[in-house]
Amino acid sequence: MNYFPIYDGNIHPDEWVNNIQKYYSLWPNKTGLAFMEVVKLLVDSAIKLPAEIYDLEKLRDVLKKDITFTVFKDLNKRKLQSLKYISERDGGNTLRFFTEFRKLCYNSETNDIGEQKKYFSKTLDDYPYFLTEFGERVNNINSMDDLIKEFEEIVMNESNIIRYGSTVALKHVATGKYLTSIGNLCYTTGSKKQLIYASDSEFNPNVLWKIIKNQSLDNNYSCTKTDIRLQHKISNQLLGICYYYNYSNYYYHKSPSSNHTEVSCDGNNYYDYIWNFKHSKLENYEGYIKSNDIVNLSIKKSHDNNKVEFLRSHDVQFTIGNDTFQEVVCHNERLGGIDEWCIELIRQA
C-alpha cells in the first residue's frame with residue numbers, strides 16, 4: 001500500500017481518483033470490493049465517508065461534496081488571482097508559468113474560457129507590452145490551447161524587438177556589407193574624425209553598435225519615429241555628422257569621394273548624433289523595430305534648419321594609404337534601395 005497516494009484534501013478529487021485508477025493494475029486481487037475497501041482506507045480519517053461506497057465514481061462524488069474540496073477550490077482561486085507572469089528576461093520561465101496557470105484553473109474549476117482570459121490578463125499587469133498585445137488577440141481565443149498558443153507567439157515576437165541598450169549590426173541591403181568603424185582610423189579629409197564605411201560581410205566586432213535612447217522614456221523598446229543614438233561598441237564613439245564654423249556660418253563636412261555629407265564617429269562638440277528609424281517597407285508604420293526589419297536611418301542637421309538626411313552606402317570608394325573603403329554618407333536625395341539597412345539583433349539588452 002505504500003505506493004498508493006493518500007487523499008487529505010490537498011489534491012483535486014478527479015486527479016486523485018485518476019491516480020488510483022492507474023494503480024489498479026498493480027492490485028493482485030481484482031475483485032472490486034476488496035480493492036475499494038483499501039482505497040477508502042487511503043482517505044484521511046478526518047473526512048467522513050458513508051459506508052455505502054462500492055466504486056470510485058461514488059467515492060469521487062462524496063469527496064467533491066466534502067467541505068475540504070470547497071476550501072481547496074477557493075485556495076487555488078486566490079492563488080490564481082495573485083499569480084504574476086515574470087518574463088524570461090527577468091528570470092522567469094514561460095513554460096512553468098503556463099503549467100502553473102493551467103493547474104490553478106483546473107484545481108479551482110475555472111473552466112470558462114472568458115474567466116480564464118480575465119485571470120490571464122491580470123497576470124500581465126507588470127508588463128504593458130504583453131498586456132497590450134494579449135488584449136489585441138483576446139477575441140481570437142476560444143480555448144486554453146488558443147490562449148497558450150497566442151501568448152507564446154507574443155513572447156517570441158517580443159524576444160525579437162530591439163530594446164534600448166541592445167547590440168546590433170546594420171547590414172546594407174544592396175551590397176550585403178555592414179556599417180563599420182575602427183577606433184583611431186580616421187578620415188584624411190573633411191572632419192578627420194573616426195571614419196565610417198561598409199565592410200565585407202565577414203562578421204567582426206567593428207560592426208557592432210549599441211542602441212541608446214535619447215530621452216527619458218518609460219518604454220524600453222526601440223520604435224520608429226523615436227530619437228536614438230548609435231554607439232560604436234569597440235570605440236564607444238557615437239555615429240553622426242560633423243559641422244564646423246566658418247565666416248559666421250556653419251557647414252557640414254563633405255564625404256571623401258561623392259561630396260555628400262560625411263558620416264563619422266565622435267560625439268563631441270560640433271556634432272549631430274540623433275538618429276531616427278523609419279520602416280522602409282511600410283511607409284506609415286509606427287511601432288516596434290524588430291530584428292531583421294529593413295529600415296532607413298535619418299538624421300537632422302541642427303545647423304542647417306533641421307534638414308533631414310538619410311544614411312546611404314553605395315559602390316563609390318575612397319582610399320586611405322593602401323586601403324580601400326566603401327563610402328557611407330548622408331544625403332537628401334530620393335530614397336532608394338541603397339538607403340536600406342537590415343537591423344540584426346546580436347545581443348538583447
# chains A, B, ... in the order shown; residues from 1 in each chain; ligands from 1
call {"tool": "residues_around", "arguments": {"residues": "A:Ile11", "least_positions_apart": "4", "cutoff": "8 Å", "atoms": "only C-alpha atoms", "output": "mmCIF file with all heavy atoms, in the first residue's frame"}}
result
data_model
loop_
_atom_site.group_PDB
_atom_site.id
_atom_site.type_symbol
_atom_site.label_atom_id
_atom_site.label_comp_id
_atom_site.auth_asym_id
_atom_site.auth_seq_id
_atom_site.Cartn_x
_atom_site.Cartn_y
_atom_site.Cartn_z
ATOM 1 N N TYR A 7 -5.339 10.545 0.167
ATOM 2 C CA TYR A 7 -6.183 11.719 -0.089
ATOM 3 C C TYR A 7 -6.440 12.439 1.224
ATOM 4 O O TYR A 7 -7.018 11.880 2.158
ATOM 5 C CB TYR A 7 -7.529 11.332 -0.720
ATOM 6 C CG TYR A 7 -8.382 12.558 -1.010
ATOM 7 C CD1 TYR A 7 -8.198 13.275 -2.183
ATOM 8 C CD2 TYR A 7 -9.320 13.022 -0.086
ATOM 9 C CE1 TYR A 7 -8.933 14.412 -2.444
ATOM 10 C CE2 TYR A 7 -10.065 14.159 -0.340
ATOM 11 C CZ TYR A 7 -9.865 14.858 -1.520
ATOM 12 O OH TYR A 7 -10.581 15.995 -1.771
ATOM 13 N N GLU A 15 -8.183 14.262 -9.894
ATOM 14 C CA GLU A 15 -6.790 13.875 -10.096
ATOM 15 C C GLU A 15 -6.425 12.680 -9.222
ATOM 16 O O GLU A 15 -5.730 11.754 -9.654
ATOM 17 C CB GLU A 15 -5.863 15.055 -9.799
ATOM 18 C CG GLU A 15 -4.403 14.783 -10.092
ATOM 19 C CD GLU A 15 -3.525 16.005 -9.889
ATOM 20 O OE1 GLU A 15 -4.054 17.073 -9.519
ATOM 21 O OE2 GLU A 15 -2.298 15.882 -10.090
ATOM 22 N N TRP A 16 -6.896 12.710 -7.976
ATOM 23 C CA TRP A 16 -6.580 11.605 -7.060
ATOM 24 C C TRP A 16 -7.207 10.294 -7.542
ATOM 25 O O TRP A 16 -6.551 9.247 -7.568
ATOM 26 C CB TRP A 16 -7.063 11.939 -5.650
ATOM 27 C CG TRP A 16 -6.722 10.885 -4.648
ATOM 28 C CD1 TRP A 16 -5.497 10.631 -4.100
ATOM 29 C CD2 TRP A 16 -7.622 9.929 -4.078
ATOM 30 N NE1 TRP A 16 -5.569 9.585 -3.231
ATOM 31 C CE2 TRP A 16 -6.863 9.125 -3.189
ATOM 32 C CE3 TRP A 16 -8.980 9.679 -4.224
ATOM 33 C CZ2 TRP A 16 -7.433 8.094 -2.462
ATOM 34 C CZ3 TRP A 16 -9.555 8.636 -3.497
ATOM 35 C CH2 TRP A 16 -8.775 7.862 -2.629
ATOM 36 N N PHE A 72 -10.310 23.822 -0.872
ATOM 37 C CA PHE A 72 -9.265 23.577 -1.874
ATOM 38 C C PHE A 72 -9.484 24.455 -3.115
ATOM 39 O O PHE A 72 -8.542 25.089 -3.618
ATOM 40 C CB PHE A 72 -9.283 22.091 -2.257
ATOM 41 C CG PHE A 72 -8.348 21.726 -3.363
ATOM 42 C CD1 PHE A 72 -6.992 21.529 -3.126
ATOM 43 C CD2 PHE A 72 -8.820 21.569 -4.669
ATOM 44 C CE1 PHE A 72 -6.123 21.179 -4.156
ATOM 45 C CE2 PHE A 72 -7.957 21.221 -5.700
ATOM 46 C CZ PHE A 72 -6.612 21.032 -5.442
ATOM 47 N N ASN A 107 -7.557 23.177 -10.738
ATOM 48 C CA ASN A 107 -7.840 22.946 -9.316
ATOM 49 C C ASN A 107 -8.989 23.805 -8.803
ATOM 50 O O ASN A 107 -9.719 23.390 -7.902
ATOM 51 C CB ASN A 107 -6.592 23.210 -8.481
ATOM 52 C CG ASN A 107 -5.567 22.091 -8.583
ATOM 53 O OD1 ASN A 107 -5.887 20.986 -9.036
ATOM 54 N ND2 ASN A 107 -4.336 22.359 -8.182
#
call {"tool": "select_by_dssp", "arguments": {"residues": "stretch 45-158 of chain A", "states": "alpha helix (DSSP H)", "output": "JSON, numbers by chain"}}
result
{"A": [56, 57, 58, 59, 60, 61, 62, 63, 64, 65, 67, 68, 69, 70, 71, 72, 73, 74, 75, 76, 77, 78, 79, 80, 81, 82, 94, 95, 96, 97, 98, 99, 100, 101, 102, 103, 104, 105, 106, 107, 113, 114, 115, 116, 117, 118, 119, 120, 121, 122, 123, 128, 129, 130, 131, 132, 133, 134, 135, 136, 137, 144, 145, 146, 147, 148, 149, 150, 151, 152, 153, 154, 155, 156, 157, 158]}
call {"tool": "atom_distance", "arguments": {"atom1": "atom CA of A:Gln231", "atom2": "atom CA of A:His314"}}
result
22.4 Å
call {"tool": "residues_around", "arguments": {"residues": "stretch 85-96 of chain A", "least_positions_apart": "6", "cutoff": "10 Å", "atoms": "only C-alpha atoms", "output": "PyMOL selection string"}}
result
chain A and resi 102+120-127+130+148+151-152+155+159+348-349
call {"tool": "residues_around", "arguments": {"residues": "stretch 257-262 of chain A", "least_positions_apart": "5", "cutoff": "6 Å", "atoms": "only C-alpha atoms", "output": "list in words"}}
result
Phe318, Val329, Cys330 and His331 of chain A
call {"tool": "residues_around", "arguments": {"residues": "stretch 192-203 of chain A", "least_positions_apart": "6", "cutoff": "9 Å", "atoms": "only C-alpha atoms", "output": "list in words"}}
result
Lys171, His172, Thr175, Gly176, Lys177, Tyr178, Leu179, Thr180, Ser181, Ile182, Gly183, Asn184, Leu185, Cys186, Gln237, Leu239, Cys242, Glu262, Val263, Ser264, Cys265, Asp266, Ser313, His314, Phe325, Gln326, Glu327, Val328 and Val329 of chain A
call {"tool": "closest_residue", "arguments": {"among": "A:Thr324, A:Asn332, A:Ser222, A:Ser45", "to": "A:Asn160", "atoms": "only C-alpha atoms"}}
result
A:Ser222
call {"tool": "atom_distance", "arguments": {"atom1": "atom CA of A:Val295", "atom2": "atom CA of A:Glu340"}}
result
5.7 Å
call {"tool": "residues_around", "arguments": {"residues": "A:Tyr285", "least_positions_apart": "6", "cutoff": "12 Å", "atoms": "only C-alpha atoms", "output": "list of chain:residue names"}}
result
A:Cys223, A:Thr224, A:Lys225, A:Phe277, A:Lys278, A:His279, A:Asp293, A:Val295
call {"tool": "select_by_dssp", "arguments": {"residues": "stretch 51-241 of chain A", "states": "strand (DSSP E)", "output": "PyMOL selection string"}}
result
chain A and resi 167-172+178-186+194-199+209-213+227-232+238-241
call {"tool": "closest_residue", "arguments": {"among": "A:Asn142, A:Gln81, A:Asn246, A:Thr68", "to": "A:Asp8", "atoms": "only C-alpha atoms"}}
result
A:Thr68
call {"tool": "residues_around", "arguments": {"residues": "A:Lys48", "least_positions_apart": "6", "cutoff": "10 Å", "atoms": "only C-alpha atoms", "output": "number ranges by chain"}}
result
A: 62-63, 66
call {"tool": "decode", "arguments": {"residues": "stretch 274-342 of chain A", "atoms": "C-alpha atoms", "output": "PDB file, in the first residue's frame"}}
result
ATOM      1  CA  ILE A 274      20.444  61.882 -33.052  1.00  0.00           C
ATOM      2  CA  TRP A 275      19.083  59.261 -35.443  1.00  0.00           C
ATOM      3  CA  ASN A 276      15.591  58.089 -36.268  1.00  0.00           C
ATOM      4  CA  PHE A 277      14.378  54.765 -37.674  1.00  0.00           C
ATOM      5  CA  LYS A 278      11.839  54.629 -40.494  1.00  0.00           C
ATOM      6  CA  HIS A 279      10.471  51.304 -41.698  1.00  0.00           C
ATOM      7  CA  SER A 280      11.415  51.251 -45.372  1.00  0.00           C
ATOM      8  CA  LYS A 281       8.743  48.763 -46.460  1.00  0.00           C
ATOM      9  CA  LEU A 282       5.805  50.259 -44.546  1.00  0.00           C
ATOM     10  CA  GLU A 283       5.501  53.957 -45.275  1.00  0.00           C
ATOM     11  CA  ASN A 284       3.300  54.984 -42.334  1.00  0.00           C
ATOM     12  CA  TYR A 285       4.312  52.269 -39.899  1.00  0.00           C
ATOM     13  CA  GLU A 286       4.559  53.378 -36.285  1.00  0.00           C
ATOM     14  CA  GLY A 287       5.656  50.644 -33.946  1.00  0.00           C
ATOM     15  CA  TYR A 288       8.433  48.477 -32.656  1.00  0.00           C
ATOM     16  CA  ILE A 289      11.633  47.749 -34.534  1.00  0.00           C
ATOM     17  CA  LYS A 290      12.381  44.014 -34.720  1.00  0.00           C
ATOM     18  CA  SER A 291      15.465  42.068 -35.668  1.00  0.00           C
ATOM     19  CA  ASN A 292      15.798  41.749 -39.466  1.00  0.00           C
ATOM     20  CA  ASP A 293      13.499  44.711 -40.149  1.00  0.00           C
ATOM     21  CA  ILE A 294      14.534  46.779 -43.170  1.00  0.00           C
ATOM     22  CA  VAL A 295      14.891  50.420 -42.149  1.00  0.00           C
ATOM     23  CA  ASN A 296      16.022  53.836 -43.306  1.00  0.00           C
ATOM     24  CA  LEU A 297      18.039  55.883 -40.819  1.00  0.00           C
ATOM     25  CA  SER A 298      17.604  59.645 -40.835  1.00  0.00           C
ATOM     26  CA  ILE A 299      19.329  62.485 -39.036  1.00  0.00           C
ATOM     27  CA  LYS A 300      18.544  66.203 -38.707  1.00  0.00           C
ATOM     28  CA  LYS A 301      21.129  68.849 -39.461  1.00  0.00           C
ATOM     29  CA  SER A 302      20.805  71.021 -36.376  1.00  0.00           C
ATOM     30  CA  HIS A 303      22.771  73.844 -38.001  1.00  0.00           C
ATOM     31  CA  ASP A 304      21.042  73.720 -41.375  1.00  0.00           C
ATOM     32  CA  ASN A 305      17.398  74.428 -40.500  1.00  0.00           C
ATOM     33  CA  ASN A 306      16.951  70.846 -39.218  1.00  0.00           C
ATOM     34  CA  LYS A 307      17.045  69.457 -42.741  1.00  0.00           C
ATOM     35  CA  VAL A 308      16.656  65.687 -42.745  1.00  0.00           C
ATOM     36  CA  GLU A 309      19.196  63.461 -44.456  1.00  0.00           C
ATOM     37  CA  PHE A 310      19.359  59.669 -44.779  1.00  0.00           C
ATOM     38  CA  LEU A 311      22.159  57.161 -44.277  1.00  0.00           C
ATOM     39  CA  ARG A 312      23.351  55.626 -47.536  1.00  0.00           C
ATOM     40  CA  SER A 313      26.091  53.390 -48.839  1.00  0.00           C
ATOM     41  CA  HIS A 314      26.967  52.793 -52.483  1.00  0.00           C
ATOM     42  CA  ASP A 315      29.688  51.388 -54.681  1.00  0.00           C
ATOM     43  CA  VAL A 316      31.722  54.605 -54.500  1.00  0.00           C
ATOM     44  CA  GLN A 317      35.023  54.010 -52.752  1.00  0.00           C
ATOM     45  CA  PHE A 318      37.798  56.060 -51.165  1.00  0.00           C
ATOM     46  CA  THR A 319      41.321  55.204 -50.111  1.00  0.00           C
ATOM     47  CA  ILE A 320      43.464  55.844 -47.076  1.00  0.00           C
ATOM     48  CA  GLY A 321      47.033  54.811 -47.703  1.00  0.00           C
ATOM     49  CA  ASN A 322      46.909  51.437 -49.409  1.00  0.00           C
ATOM     50  CA  ASP A 323      43.436  50.553 -48.090  1.00  0.00           C
ATOM     51  CA  THR A 324      40.176  50.982 -49.993  1.00  0.00           C
ATOM     52  CA  PHE A 325      36.810  51.574 -48.274  1.00  0.00           C
ATOM     53  CA  GLN A 326      33.191  51.584 -49.444  1.00  0.00           C
ATOM     54  CA  GLU A 327      31.774  55.016 -48.697  1.00  0.00           C
ATOM     55  CA  VAL A 328      28.899  55.662 -46.263  1.00  0.00           C
ATOM     56  CA  VAL A 329      27.263  59.098 -46.450  1.00  0.00           C
ATOM     57  CA  CYS A 330      24.163  61.100 -45.610  1.00  0.00           C
ATOM     58  CA  HIS A 331      22.059  62.687 -48.339  1.00  0.00           C
ATOM     59  CA  ASN A 332      18.770  64.447 -49.029  1.00  0.00           C
ATOM     60  CA  GLU A 333      18.030  62.835 -52.387  1.00  0.00           C
ATOM     61  CA  ARG A 334      15.186  60.485 -53.260  1.00  0.00           C
ATOM     62  CA  LEU A 335      15.263  57.258 -51.232  1.00  0.00           C
ATOM     63  CA  GLY A 336      16.099  54.001 -52.976  1.00  0.00           C
ATOM     64  CA  GLY A 337      17.441  50.510 -52.394  1.00  0.00           C
ATOM     65  CA  ILE A 338      20.906  51.773 -51.479  1.00  0.00           C
ATOM     66  CA  ASP A 339      19.377  53.566 -48.472  1.00  0.00           C
ATOM     67  CA  GLU A 340      18.031  50.377 -46.891  1.00  0.00           C
ATOM     68  CA  TRP A 341      19.649  48.758 -43.855  1.00  0.00           C
ATOM     69  CA  CYS A 342      18.754  45.463 -42.212  1.00  0.00           C
TER      70      CYS A 342
END
